[in-house]
file upload-v4.cif (mmCIF, N, CA and C atoms)
data_target
loop_
_atom_site.group_PDB
_atom_site.id
_atom_site.type_symbol
_atom_site.label_atom_id
_atom_site.label_comp_id
_atom_site.auth_asym_id
_atom_site.auth_seq_id
_atom_site.Cartn_x
_atom_site.Cartn_y
_atom_site.Cartn_z
ATOM 1 N N LEU A 1 -1.989 -4.078 -15.584
ATOM 2 C CA LEU A 1 -2.574 -2.904 -16.198
ATOM 3 C C LEU A 1 -3.115 -3.255 -17.569
ATOM 4 N N ARG A 2 -4.139 -2.580 -17.950
ATOM 5 C CA ARG A 2 -4.696 -2.759 -19.283
ATOM 6 C C ARG A 2 -4.104 -1.700 -20.188
ATOM 7 N N SER A 3 -4.078 -1.991 -21.460
ATOM 8 C CA SER A 3 -3.592 -0.990 -22.393
ATOM 9 C C SER A 3 -4.661 0.059 -22.614
ATOM 10 N N GLY A 4 -4.263 1.225 -23.093
ATOM 11 C CA GLY A 4 -5.203 2.295 -23.383
ATOM 12 C C GLY A 4 -5.346 3.251 -22.221
ATOM 13 N N ASP A 5 -5.966 4.368 -22.503
ATOM 14 C CA ASP A 5 -6.098 5.418 -21.501
ATOM 15 C C ASP A 5 -7.225 5.187 -20.513
ATOM 16 N N ASP A 6 -8.108 4.222 -20.754
ATOM 17 C CA ASP A 6 -9.279 4.067 -19.891
ATOM 18 C C ASP A 6 -9.157 2.895 -18.924
ATOM 19 N N TRP A 7 -7.962 2.408 -18.658
ATOM 20 C CA TRP A 7 -7.826 1.240 -17.784
ATOM 21 C C TRP A 7 -8.321 1.513 -16.371
ATOM 22 N N LEU A 8 -8.268 2.767 -15.953
ATOM 23 C CA LEU A 8 -8.742 3.088 -14.601
ATOM 24 C C LEU A 8 -10.243 2.901 -14.456
ATOM 25 N N SER A 9 -10.970 2.942 -15.557
ATOM 26 C CA SER A 9 -12.420 2.775 -15.482
ATOM 27 C C SER A 9 -12.805 1.375 -15.017
ATOM 28 N N CYS A 10 -11.876 0.444 -15.035
ATOM 29 C CA CYS A 10 -12.150 -0.934 -14.607
ATOM 30 C C CYS A 10 -12.109 -1.082 -13.087
ATOM 31 N N ILE A 11 -11.590 -0.095 -12.403
ATOM 32 C CA ILE A 11 -11.452 -0.191 -10.948
ATOM 33 C C ILE A 11 -12.670 0.431 -10.280
ATOM 34 N N ASP A 12 -13.311 -0.346 -9.442
ATOM 35 C CA ASP A 12 -14.463 0.167 -8.693
ATOM 36 C C ASP A 12 -13.982 1.290 -7.786
ATOM 37 N N GLN A 13 -14.630 2.419 -7.836
ATOM 38 C CA GLN A 13 -14.173 3.594 -7.091
ATOM 39 C C GLN A 13 -14.152 3.378 -5.584
ATOM 40 N N GLY A 14 -14.927 2.451 -5.093
ATOM 41 C CA GLY A 14 -14.938 2.186 -3.660
ATOM 42 C C GLY A 14 -13.813 1.277 -3.204
ATOM 43 N N ARG A 15 -13.140 0.634 -4.123
ATOM 44 C CA ARG A 15 -12.072 -0.300 -3.766
ATOM 45 C C ARG A 15 -10.804 0.094 -4.508
ATOM 46 N N ARG A 16 -9.769 0.402 -3.748
ATOM 47 C CA ARG A 16 -8.492 0.806 -4.343
ATOM 48 C C ARG A 16 -7.453 -0.285 -4.089
ATOM 49 N N PRO A 17 -6.558 -0.510 -5.043
ATOM 50 C CA PRO A 17 -5.550 -1.552 -4.853
ATOM 51 C C PRO A 17 -4.461 -1.124 -3.868
ATOM 52 N N ASP A 18 -3.937 -2.115 -3.150
ATOM 53 C CA ASP A 18 -2.782 -1.899 -2.270
ATOM 54 C C ASP A 18 -1.495 -1.918 -3.071
ATOM 55 N N LEU A 19 -1.529 -2.613 -4.207
ATOM 56 C CA LEU A 19 -0.318 -2.862 -4.975
ATOM 57 C C LEU A 19 -0.641 -2.913 -6.461
ATOM 58 N N ILE A 20 0.194 -2.257 -7.255
ATOM 59 C CA ILE A 20 0.136 -2.367 -8.713
ATOM 60 C C ILE A 20 1.511 -2.821 -9.160
ATOM 61 N N ILE A 21 1.559 -3.896 -9.948
ATOM 62 C CA ILE A 21 2.815 -4.427 -10.466
ATOM 63 C C ILE A 21 2.813 -4.255 -11.976
ATOM 64 N N SER A 22 3.902 -3.701 -12.503
ATOM 65 C CA SER A 22 4.003 -3.449 -13.934
ATOM 66 C C SER A 22 5.356 -3.913 -14.466
ATOM 67 N N SER A 23 5.323 -4.481 -15.661
ATOM 68 C CA SER A 23 6.575 -4.790 -16.371
ATOM 69 C C SER A 23 6.525 -4.170 -17.770
ATOM 70 N N LEU A 24 5.670 -3.139 -17.924
ATOM 71 C CA LEU A 24 5.600 -2.442 -19.204
ATOM 72 C C LEU A 24 6.973 -1.856 -19.539
ATOM 73 N N PRO A 25 7.391 -1.910 -20.790
ATOM 74 C CA PRO A 25 8.701 -1.359 -21.179
ATOM 75 C C PRO A 25 8.628 0.169 -21.274
ATOM 76 N N LEU A 26 8.748 0.844 -20.153
ATOM 77 C CA LEU A 26 8.539 2.285 -20.091
ATOM 78 C C LEU A 26 9.445 3.056 -21.044
ATOM 79 N N ALA A 27 10.668 2.591 -21.234
ATOM 80 C CA ALA A 27 11.616 3.294 -22.099
ATOM 81 C C ALA A 27 11.181 3.277 -23.565
ATOM 82 N N LEU A 28 10.303 2.368 -23.929
ATOM 83 C CA LEU A 28 9.864 2.250 -25.321
ATOM 84 C C LEU A 28 8.552 2.985 -25.599
ATOM 85 N N LEU A 29 7.914 3.489 -24.557
ATOM 86 C CA LEU A 29 6.629 4.176 -24.700
ATOM 87 C C LEU A 29 6.840 5.690 -24.738
ATOM 88 N N PRO A 30 5.903 6.426 -25.358
ATOM 89 C CA PRO A 30 6.020 7.892 -25.355
ATOM 90 C C PRO A 30 6.031 8.435 -23.923
ATOM 91 N N LYS A 31 6.910 9.393 -23.681
ATOM 92 C CA LYS A 31 7.100 9.938 -22.332
ATOM 93 C C LYS A 31 5.788 10.454 -21.730
ATOM 94 N N GLN A 32 4.977 11.154 -22.520
ATOM 95 C CA GLN A 32 3.709 11.687 -22.002
ATOM 96 C C GLN A 32 2.777 10.564 -21.565
ATOM 97 N N GLN A 33 2.742 9.476 -22.328
ATOM 98 C CA GLN A 33 1.901 8.335 -21.977
ATOM 99 C C GLN A 33 2.384 7.692 -20.678
ATOM 100 N N VAL A 34 3.697 7.576 -20.526
ATOM 101 C CA VAL A 34 4.263 6.992 -19.307
ATOM 102 C C VAL A 34 3.937 7.871 -18.102
ATOM 103 N N MET A 35 4.113 9.183 -18.244
ATOM 104 C CA MET A 35 3.818 10.081 -17.127
ATOM 105 C C MET A 35 2.347 9.994 -16.727
ATOM 106 N N ARG A 36 1.449 9.962 -17.695
ATOM 107 C CA ARG A 36 0.014 9.861 -17.394
ATOM 108 C C ARG A 36 -0.291 8.557 -16.661
ATOM 109 N N MET A 37 0.294 7.460 -17.135
ATOM 110 C CA MET A 37 0.072 6.162 -16.505
ATOM 111 C C MET A 37 0.597 6.158 -15.066
ATOM 112 N N LEU A 38 1.791 6.715 -14.855
ATOM 113 C CA LEU A 38 2.373 6.736 -13.516
ATOM 114 C C LEU A 38 1.534 7.596 -12.562
ATOM 115 N N ILE A 39 1.087 8.741 -13.042
ATOM 116 C CA ILE A 39 0.235 9.614 -12.217
ATOM 117 C C ILE A 39 -1.074 8.905 -11.888
ATOM 118 N N ASP A 40 -1.671 8.249 -12.888
ATOM 119 C CA ASP A 40 -2.914 7.503 -12.644
ATOM 120 C C ASP A 40 -2.698 6.412 -11.600
ATOM 121 N N CYS A 41 -1.590 5.699 -11.706
ATOM 122 C CA CYS A 41 -1.303 4.639 -10.728
ATOM 123 C C CYS A 41 -1.172 5.222 -9.330
ATOM 124 N N ARG A 42 -0.438 6.315 -9.209
ATOM 125 C CA ARG A 42 -0.264 6.955 -7.898
ATOM 126 C C ARG A 42 -1.612 7.368 -7.315
ATOM 127 N N GLU A 43 -2.472 7.936 -8.145
ATOM 128 C CA GLU A 43 -3.738 8.455 -7.662
ATOM 129 C C GLU A 43 -4.739 7.367 -7.287
ATOM 130 N N VAL A 44 -4.653 6.212 -7.928
ATOM 131 C CA VAL A 44 -5.633 5.162 -7.658
ATOM 132 C C VAL A 44 -5.230 4.271 -6.473
ATOM 133 N N LEU A 45 -3.943 4.257 -6.121
ATOM 134 C CA LEU A 45 -3.488 3.400 -5.020
ATOM 135 C C LEU A 45 -4.118 3.793 -3.693
ATOM 136 N N LYS A 46 -4.405 2.787 -2.910
ATOM 137 C CA LYS A 46 -4.859 3.002 -1.533
ATOM 138 C C LYS A 46 -3.720 3.680 -0.769
ATOM 139 N N GLY A 47 -4.044 4.485 0.226
ATOM 140 C CA GLY A 47 -3.016 5.112 1.058
ATOM 141 C C GLY A 47 -2.048 4.070 1.588
ATOM 142 N N GLY A 48 -0.770 4.313 1.452
ATOM 143 C CA GLY A 48 0.247 3.358 1.876
ATOM 144 C C GLY A 48 0.530 2.284 0.855
ATOM 145 N N GLY A 49 -0.176 2.309 -0.281
ATOM 146 C CA GLY A 49 0.021 1.305 -1.325
ATOM 147 C C GLY A 49 1.311 1.536 -2.095
ATOM 148 N N ALA A 50 1.664 0.573 -2.935
ATOM 149 C CA ALA A 50 2.923 0.647 -3.681
ATOM 150 C C ALA A 50 2.709 0.323 -5.152
ATOM 151 N N PHE A 51 3.523 0.957 -5.974
ATOM 152 C CA PHE A 51 3.602 0.668 -7.397
ATOM 153 C C PHE A 51 4.968 0.031 -7.614
ATOM 154 N N VAL A 52 5.004 -1.179 -8.174
ATOM 155 C CA VAL A 52 6.261 -1.879 -8.409
ATOM 156 C C VAL A 52 6.460 -2.008 -9.917
ATOM 157 N N GLN A 53 7.615 -1.556 -10.386
ATOM 158 C CA GLN A 53 7.927 -1.566 -11.813
ATOM 159 C C GLN A 53 9.214 -2.358 -12.037
ATOM 160 N N PHE A 54 9.158 -3.348 -12.933
ATOM 161 C CA PHE A 54 10.336 -4.117 -13.324
ATOM 162 C C PHE A 54 10.874 -3.539 -14.626
ATOM 163 N N GLN A 55 12.185 -3.291 -14.692
ATOM 164 C CA GLN A 55 12.815 -2.728 -15.883
ATOM 165 C C GLN A 55 14.203 -3.330 -16.065
ATOM 166 N N TYR A 56 14.729 -3.183 -17.269
ATOM 167 C CA TYR A 56 16.087 -3.660 -17.561
ATOM 168 C C TYR A 56 17.035 -2.490 -17.795
ATOM 169 N N SER A 57 16.539 -1.273 -17.658
ATOM 170 C CA SER A 57 17.324 -0.065 -17.869
ATOM 171 C C SER A 57 16.971 0.937 -16.776
ATOM 172 N N PRO A 58 17.957 1.729 -16.336
ATOM 173 C CA PRO A 58 17.669 2.756 -15.322
ATOM 174 C C PRO A 58 17.043 4.018 -15.914
ATOM 175 N N GLU A 59 16.742 4.002 -17.195
ATOM 176 C CA GLU A 59 16.264 5.187 -17.899
ATOM 177 C C GLU A 59 14.994 5.796 -17.296
ATOM 178 N N SER A 60 14.126 4.995 -16.740
ATOM 179 C CA SER A 60 12.839 5.480 -16.227
ATOM 180 C C SER A 60 12.903 5.987 -14.788
ATOM 181 N N LEU A 61 14.019 5.873 -14.142
ATOM 182 C CA LEU A 61 14.140 6.275 -12.739
ATOM 183 C C LEU A 61 13.755 7.738 -12.530
ATOM 184 N N GLY A 62 14.177 8.616 -13.411
ATOM 185 C CA GLY A 62 13.861 10.036 -13.278
ATOM 186 C C GLY A 62 12.366 10.302 -13.324
ATOM 187 N N LEU A 63 11.663 9.613 -14.230
ATOM 188 C CA LEU A 63 10.214 9.782 -14.326
ATOM 189 C C LEU A 63 9.526 9.290 -13.061
ATOM 190 N N LEU A 64 9.970 8.154 -12.561
ATOM 191 C CA LEU A 64 9.377 7.605 -11.338
ATOM 192 C C LEU A 64 9.567 8.566 -10.166
ATOM 193 N N ARG A 65 10.741 9.170 -10.091
ATOM 194 C CA ARG A 65 11.021 10.107 -8.993
ATOM 195 C C ARG A 65 10.212 11.397 -9.111
ATOM 196 N N LYS A 66 9.834 11.771 -10.326
ATOM 197 C CA LYS A 66 8.996 12.961 -10.507
ATOM 198 C C LYS A 66 7.575 12.725 -10.007
ATOM 199 N N VAL A 67 7.114 11.478 -10.089
ATOM 200 C CA VAL A 67 5.720 11.163 -9.764
ATOM 201 C C VAL A 67 5.540 10.686 -8.333
ATOM 202 N N PHE A 68 6.466 9.881 -7.837
ATOM 203 C CA PHE A 68 6.327 9.281 -6.510
ATOM 204 C C PHE A 68 7.291 9.929 -5.515
ATOM 205 N N GLU A 69 6.837 10.075 -4.290
ATOM 206 C CA GLU A 69 7.667 10.683 -3.245
ATOM 207 C C GLU A 69 8.853 9.793 -2.878
ATOM 208 N N GLU A 70 8.625 8.498 -2.877
ATOM 209 C CA GLU A 70 9.654 7.543 -2.457
ATOM 210 C C GLU A 70 9.843 6.497 -3.545
ATOM 211 N N VAL A 71 11.093 6.311 -3.985
ATOM 212 C CA VAL A 71 11.411 5.287 -4.987
ATOM 213 C C VAL A 71 12.599 4.486 -4.473
ATOM 214 N N HIS A 72 12.376 3.203 -4.219
ATOM 215 C CA HIS A 72 13.433 2.296 -3.763
ATOM 216 C C HIS A 72 13.847 1.430 -4.950
ATOM 217 N N VAL A 73 15.150 1.338 -5.208
ATOM 218 C CA VAL A 73 15.653 0.562 -6.340
ATOM 219 C C VAL A 73 16.400 -0.664 -5.818
ATOM 220 N N SER A 74 16.052 -1.821 -6.367
ATOM 221 C CA SER A 74 16.790 -3.050 -6.059
ATOM 222 C C SER A 74 17.057 -3.786 -7.369
ATOM 223 N N VAL A 75 17.927 -4.774 -7.296
ATOM 224 C CA VAL A 75 18.268 -5.568 -8.475
ATOM 225 C C VAL A 75 17.917 -7.019 -8.195
ATOM 226 N N GLU A 76 17.186 -7.624 -9.105
ATOM 227 C CA GLU A 76 16.846 -9.044 -8.983
ATOM 228 C C GLU A 76 17.806 -9.824 -9.880
ATOM 229 N N VAL A 77 18.852 -10.394 -9.260
ATOM 230 C CA VAL A 77 19.887 -11.093 -10.024
ATOM 231 C C VAL A 77 19.456 -12.493 -10.445
ATOM 232 N N ARG A 78 18.383 -13.024 -9.838
ATOM 233 C CA ARG A 78 17.914 -14.356 -10.228
ATOM 234 C C ARG A 78 17.136 -14.317 -11.534
ATOM 235 N N ASN A 79 16.789 -13.123 -11.983
ATOM 236 C CA ASN A 79 16.129 -12.973 -13.272
ATOM 237 C C ASN A 79 17.190 -12.983 -14.369
ATOM 238 N N ILE A 80 16.862 -13.526 -15.532
ATOM 239 C CA ILE A 80 17.803 -13.528 -16.655
ATOM 240 C C ILE A 80 17.163 -12.751 -17.796
ATOM 241 N N PRO A 81 17.720 -11.602 -18.184
ATOM 242 C CA PRO A 81 18.841 -10.904 -17.534
ATOM 243 C C PRO A 81 18.386 -10.275 -16.216
ATOM 244 N N PRO A 82 19.352 -9.900 -15.378
ATOM 245 C CA PRO A 82 18.987 -9.250 -14.117
ATOM 246 C C PRO A 82 18.085 -8.045 -14.363
ATOM 247 N N ALA A 83 17.130 -7.836 -13.473
ATOM 248 C CA ALA A 83 16.156 -6.762 -13.642
ATOM 249 C C ALA A 83 16.247 -5.769 -12.497
ATOM 250 N N LEU A 84 15.976 -4.508 -12.828
ATOM 251 C CA LEU A 84 15.822 -3.485 -11.807
ATOM 252 C C LEU A 84 14.388 -3.539 -11.317
ATOM 253 N N VAL A 85 14.211 -3.428 -10.026
ATOM 254 C CA VAL A 85 12.884 -3.432 -9.426
ATOM 255 C C VAL A 85 12.721 -2.105 -8.683
ATOM 256 N N TYR A 86 11.774 -1.303 -9.145
ATOM 257 C CA TYR A 86 11.475 -0.019 -8.518
ATOM 258 C C TYR A 86 10.221 -0.171 -7.679
ATOM 259 N N THR A 87 10.323 0.098 -6.400
ATOM 260 C CA THR A 87 9.163 0.082 -5.518
ATOM 261 C C THR A 87 8.883 1.522 -5.153
ATOM 262 N N CYS A 88 7.717 1.996 -5.575
ATOM 263 C CA CYS A 88 7.384 3.413 -5.456
ATOM 264 C C CYS A 88 6.188 3.616 -4.540
ATOM 265 N N ARG A 89 6.256 4.639 -3.735
ATOM 266 C CA ARG A 89 5.157 5.008 -2.831
ATOM 267 C C ARG A 89 4.934 6.509 -2.894
#
call {"tool": "encode", "arguments": {"input": "upload-v4.cif", "output": "C-alpha cells"}}
result
Amino acid sequence: LRSGDDWLSCIDQGRRPDLIISSLPLALLPKQQVMRMLIDCREVLKGGGAFVQFQYSPESLGLLRKVFEEVHVSVEVRNIPPALVYTCR
C-alpha cells in the first residue's frame, strides 16, 4: 500500500487485486484513517480476494471484524517476535 489517501488512484479500475498484504502498524495510526484504509481495501479487492494484515497486537481485530465479513486469525511463530496474521475476506 502507498501512504496517503489517494493510493487507490494507482489501481487501474479494470484490474482488481486478488490479494492485498499489509504490515502497517494499525494500532499506531488514527482510527478513522485505519477504517478508511480497510474499507478501501475491501472495496477494491476482486470478488473472493483477501486482505492479509500482519500485527504484533490483537488490538486491531475489532476494526477488521467491523469491515470484513470473515476474519481468520493465525500466529506465525517463526517470526521474531511472533506475529498475528489476519486473513480477511
call {"tool": "resolve_selection", "arguments": {"input": "upload-v4.cif", "expression": "the PyMOL selection byres ((chain A and resi 13-23) around 5)", "output": "list of chain:residue names"}}
result
A:Ile11, A:Asp12, A:Leu24, A:Pro25, A:Leu45, A:Lys46, A:Gly49, A:Ala50, A:Phe51, A:Val52, A:Gln53, A:Phe54
call {"tool": "resolve_selection", "arguments": {"input": "upload-v4.cif", "expression": "the PyMOL selection byres ((chain A and resi 26) around 8)", "output": "PyMOL selection string"}}
result
chain A and resi 23-25+27-31+34+54-56+59-60
call {"tool": "select_by_dssp", "arguments": {"input": "upload-v4.cif", "residues": "chain A", "states": "strand (DSSP E or B)", "output": "list in words"}}
result
Leu19, Ile20, Ile21, Ser22, Ala50, Phe51, Val52, Gln53, Phe54, Gln55, Val71, His72, Val73, Ser74, Val75, Glu76, Ala83, Leu84, Val85, Tyr86, Thr87 and Cys88 of chain A
call {"tool": "closest_residue", "arguments": {"input": "upload-v4.cif", "among": "A:Gly48, A:Pro58, A:Val85, A:Met37", "to": "His72 in chain A", "atoms": "all atoms listed in the file"}}
result
A:Val85
call {"tool": "residues_around", "arguments": {"input": "upload-v4.cif", "residues": "Ser57 in chain A", "least_positions_apart": "4", "cutoff": "9 Å", "atoms": "only C-alpha atoms", "output": "PDB file with N, CA and C atoms, in the coordinates of the input"}}
result
ATOM      1  N   ALA A  27      10.668   2.591 -21.234  1.00  0.00           N
ATOM      2  CA  ALA A  27      11.616   3.294 -22.099  1.00  0.00           C
ATOM      3  C   ALA A  27      11.181   3.277 -23.565  1.00  0.00           C
ATOM      4  N   LEU A  61      14.019   5.873 -14.142  1.00  0.00           N
ATOM      5  CA  LEU A  61      14.140   6.275 -12.739  1.00  0.00           C
ATOM      6  C   LEU A  61      13.755   7.738 -12.530  1.00  0.00           C
ATOM      7  N   ALA A  83      17.130  -7.836 -13.473  1.00  0.00           N
ATOM      8  CA  ALA A  83      16.156  -6.762 -13.642  1.00  0.00           C
ATOM      9  C   ALA A  83      16.247  -5.769 -12.497  1.00  0.00           C
ATOM     10  N   LEU A  84      15.976  -4.508 -12.828  1.00  0.00           N
ATOM     11  CA  LEU A  84      15.822  -3.485 -11.807  1.00  0.00           C
ATOM     12  C   LEU A  84      14.388  -3.539 -11.317  1.00  0.00           C
TER      13      LEU A  84
END
call {"tool": "select_by_dssp", "arguments": {"input": "upload-v4.cif", "residues": "chain A", "states": "alpha helix (DSSP H)", "output": "VMD selection string"}}
result
chain A and resid 31 to 44 61 to 67
call {"tool": "write_last_selection", "arguments": {"input": "upload-v4.cif", "atoms": "N, CA and C atoms", "output": "JSON list (two decimals), in the coordinates of the input"}}
result
[["chain", "number", "residue", "atom", "x", "y", "z"],
["A", 31, "LYS", "N", 6.91, 9.39, -23.68],
["A", 31, "LYS", "CA", 7.10, 9.94, -22.33],
["A", 31, "LYS", "C", 5.79, 10.45, -21.73],
["A", 32, "GLN", "N", 4.98, 11.15, -22.52],
["A", 32, "GLN", "CA", 3.71, 11.69, -22.00],
["A", 32, "GLN", "C", 2.78, 10.56, -21.56],
["A", 33, "GLN", "N", 2.74, 9.48, -22.33],
["A", 33, "GLN", "CA", 1.90, 8.34, -21.98],
["A", 33, "GLN", "C", 2.38, 7.69, -20.68],
["A", 34, "VAL", "N", 3.70, 7.58, -20.53],
["A", 34, "VAL", "CA", 4.26, 6.99, -19.31],
["A", 34, "VAL", "C", 3.94, 7.87, -18.10],
["A", 35, "MET", "N", 4.11, 9.18, -18.24],
["A", 35, "MET", "CA", 3.82, 10.08, -17.13],
["A", 35, "MET", "C", 2.35, 9.99, -16.73],
["A", 36, "ARG", "N", 1.45, 9.96, -17.70],
["A", 36, "ARG", "CA", 0.01, 9.86, -17.39],
["A", 36, "ARG", "C", -0.29, 8.56, -16.66],
["A", 37, "MET", "N", 0.29, 7.46, -17.14],
["A", 37, "MET", "CA", 0.07, 6.16, -16.50],
["A", 37, "MET", "C", 0.60, 6.16, -15.07],
["A", 38, "LEU", "N", 1.79, 6.72, -14.86],
["A", 38, "LEU", "CA", 2.37, 6.74, -13.52],
["A", 38, "LEU", "C", 1.53, 7.60, -12.56],
["A", 39, "ILE", "N", 1.09, 8.74, -13.04],
["A", 39, "ILE", "CA", 0.24, 9.61, -12.22],
["A", 39, "ILE", "C", -1.07, 8.90, -11.89],
["A", 40, "ASP", "N", -1.67, 8.25, -12.89],
["A", 40, "ASP", "CA", -2.91, 7.50, -12.64],
["A", 40, "ASP", "C", -2.70, 6.41, -11.60],
["A", 41, "CYS", "N", -1.59, 5.70, -11.71],
["A", 41, "CYS", "CA", -1.30, 4.64, -10.73],
["A", 41, "CYS", "C", -1.17, 5.22, -9.33],
["A", 42, "ARG", "N", -0.44, 6.32, -9.21],
["A", 42, "ARG", "CA", -0.26, 6.96, -7.90],
["A", 42, "ARG", "C", -1.61, 7.37, -7.32],
["A", 43, "GLU", "N", -2.47, 7.94, -8.14],
["A", 43, "GLU", "CA", -3.74, 8.46, -7.66],
["A", 43, "GLU", "C", -4.74, 7.37, -7.29],
["A", 44, "VAL", "N", -4.65, 6.21, -7.93],
["A", 44, "VAL", "CA", -5.63, 5.16, -7.66],
["A", 44, "VAL", "C", -5.23, 4.27, -6.47],
["A", 61, "LEU", "N", 14.02, 5.87, -14.14],
["A", 61, "LEU", "CA", 14.14, 6.28, -12.74],
["A", 61, "LEU", "C", 13.76, 7.74, -12.53],
["A", 62, "GLY", "N", 14.18, 8.62, -13.41],
["A", 62, "GLY", "CA", 13.86, 10.04, -13.28],
["A", 62, "GLY", "C", 12.37, 10.30, -13.32],
["A", 63, "LEU", "N", 11.66, 9.61, -14.23],
["A", 63, "LEU", "CA", 10.21, 9.78, -14.33],
["A", 63, "LEU", "C", 9.53, 9.29, -13.06],
["A", 64, "LEU", "N", 9.97, 8.15, -12.56],
["A", 64, "LEU", "CA", 9.38, 7.60, -11.34],
["A", 64, "LEU", "C", 9.57, 8.57, -10.17],
["A", 65, "ARG", "N", 10.74, 9.17, -10.09],
["A", 65, "ARG", "CA", 11.02, 10.11, -8.99],
["A", 65, "ARG", "C", 10.21, 11.40, -9.11],
["A", 66, "LYS", "N", 9.83, 11.77, -10.33],
["A", 66, "LYS", "CA", 9.00, 12.96, -10.51],
["A", 66, "LYS", "C", 7.58, 12.72, -10.01],
["A", 67, "VAL", "N", 7.11, 11.48, -10.09],
["A", 67, "VAL", "CA", 5.72, 11.16, -9.76],
["A", 67, "VAL", "C", 5.54, 10.69, -8.33]]
call {"tool": "atom_distance", "arguments": {"input": "upload-v4.cif", "atom1": "CA of Ser74 in chain A", "atom2": "CA of Cys88 in chain A"}}
result
11.4 Å
call {"tool": "atom_distance", "arguments": {"input": "upload-v4.cif", "atom1": "CA of Arg89 in chain A", "atom2": "CA of Val71 in chain A"}}
result
6.6 Å
call {"tool": "residues_around", "arguments": {"input": "upload-v4.cif", "residues": "Val67 in chain A", "least_positions_apart": "2", "cutoff": "10 Å", "atoms": "only C-alpha atoms", "output": "PyMOL selection string"}}
result
chain A and resi 35-36+38-42+62-65+69-71+88-89
call {"tool": "atom_distance", "arguments": {"input": "upload-v4.cif", "atom1": "CA of Val73 in chain A", "atom2": "CA of Thr87 in chain A"}}
result
6.6 Å
call {"tool": "decode", "arguments": {"input": "upload-v4.cif", "residues": "range 84-89 of chain A", "atoms": "all heavy atoms", "output": "PDB file, in the first residue's frame"}}
result
ATOM      1  N   LEU A  84       0.796 -11.928  14.667  1.00  0.00           N
ATOM      2  CA  LEU A  84      -0.566 -12.324  14.347  1.00  0.00           C
ATOM      3  C   LEU A  84      -0.780 -12.073  12.867  1.00  0.00           C
ATOM      4  O   LEU A  84      -0.341 -11.052  12.321  1.00  0.00           O
ATOM      5  CB  LEU A  84      -1.552 -11.488  15.149  1.00  0.00           C
ATOM      6  CG  LEU A  84      -1.506 -11.684  16.660  1.00  0.00           C
ATOM      7  CD1 LEU A  84      -2.294 -10.578  17.359  1.00  0.00           C
ATOM      8  CD2 LEU A  84      -2.046 -13.053  17.032  1.00  0.00           C
ATOM      9  N   VAL A  85      -1.428 -13.000  12.209  1.00  0.00           N
ATOM     10  CA  VAL A  85      -1.729 -12.871  10.790  1.00  0.00           C
ATOM     11  C   VAL A  85      -3.251 -12.930  10.645  1.00  0.00           C
ATOM     12  O   VAL A  85      -3.862 -13.927  10.983  1.00  0.00           O
ATOM     13  CB  VAL A  85      -1.070 -13.986   9.954  1.00  0.00           C
ATOM     14  CG1 VAL A  85      -1.396 -13.803   8.480  1.00  0.00           C
ATOM     15  CG2 VAL A  85       0.435 -14.014  10.191  1.00  0.00           C
ATOM     16  N   TYR A  86      -3.823 -11.830  10.177  1.00  0.00           N
ATOM     17  CA  TYR A  86      -5.262 -11.747   9.950  1.00  0.00           C
ATOM     18  C   TYR A  86      -5.526 -11.898   8.464  1.00  0.00           C
ATOM     19  O   TYR A  86      -5.010 -11.114   7.659  1.00  0.00           O
ATOM     20  CB  TYR A  86      -5.802 -10.390  10.411  1.00  0.00           C
ATOM     21  CG  TYR A  86      -5.601 -10.101  11.873  1.00  0.00           C
ATOM     22  CD1 TYR A  86      -4.636  -9.187  12.286  1.00  0.00           C
ATOM     23  CD2 TYR A  86      -6.361 -10.733  12.845  1.00  0.00           C
ATOM     24  CE1 TYR A  86      -4.451  -8.901  13.628  1.00  0.00           C
ATOM     25  CE2 TYR A  86      -6.175 -10.462  14.191  1.00  0.00           C
ATOM     26  CZ  TYR A  86      -5.232  -9.546  14.579  1.00  0.00           C
ATOM     27  OH  TYR A  86      -5.033  -9.268  15.907  1.00  0.00           O
ATOM     28  N   THR A  87      -6.301 -12.889   8.094  1.00  0.00           N
ATOM     29  CA  THR A  87      -6.703 -13.071   6.705  1.00  0.00           C
ATOM     30  C   THR A  87      -8.173 -12.728   6.636  1.00  0.00           C
ATOM     31  O   THR A  87      -9.007 -13.378   7.273  1.00  0.00           O
ATOM     32  CB  THR A  87      -6.443 -14.517   6.239  1.00  0.00           C
ATOM     33  OG1 THR A  87      -5.051 -14.803   6.417  1.00  0.00           O
ATOM     34  CG2 THR A  87      -6.802 -14.689   4.767  1.00  0.00           C
ATOM     35  N   CYS A  88      -8.474 -11.676   5.885  1.00  0.00           N
ATOM     36  CA  CYS A  88      -9.823 -11.116   5.864  1.00  0.00           C
ATOM     37  C   CYS A  88     -10.438 -11.233   4.479  1.00  0.00           C
ATOM     38  O   CYS A  88      -9.775 -10.985   3.479  1.00  0.00           O
ATOM     39  CB  CYS A  88      -9.762  -9.637   6.251  1.00  0.00           C
ATOM     40  SG  CYS A  88      -8.836  -9.303   7.764  1.00  0.00           S
ATOM     41  N   ARG A  89     -11.701 -11.556   4.443  1.00  0.00           N
ATOM     42  CA  ARG A  89     -12.458 -11.648   3.187  1.00  0.00           C
ATOM     43  C   ARG A  89     -13.803 -10.962   3.356  1.00  0.00           C
ATOM     44  O   ARG A  89     -14.367 -10.925   4.368  1.00  0.00           O
ATOM     45  CB  ARG A  89     -12.658 -13.103   2.775  1.00  0.00           C
ATOM     46  CG  ARG A  89     -11.357 -13.818   2.518  1.00  0.00           C
ATOM     47  CD  ARG A  89     -11.630 -15.239   2.044  1.00  0.00           C
ATOM     48  NE  ARG A  89     -10.419 -16.003   1.955  1.00  0.00           N
ATOM     49  CZ  ARG A  89      -9.581 -15.985   0.908  1.00  0.00           C
ATOM     50  NH1 ARG A  89      -9.855 -15.262  -0.140  1.00  0.00           N
ATOM     51  NH2 ARG A  89      -8.490 -16.708   0.918  1.00  0.00           N
TER      52      ARG A  89
END
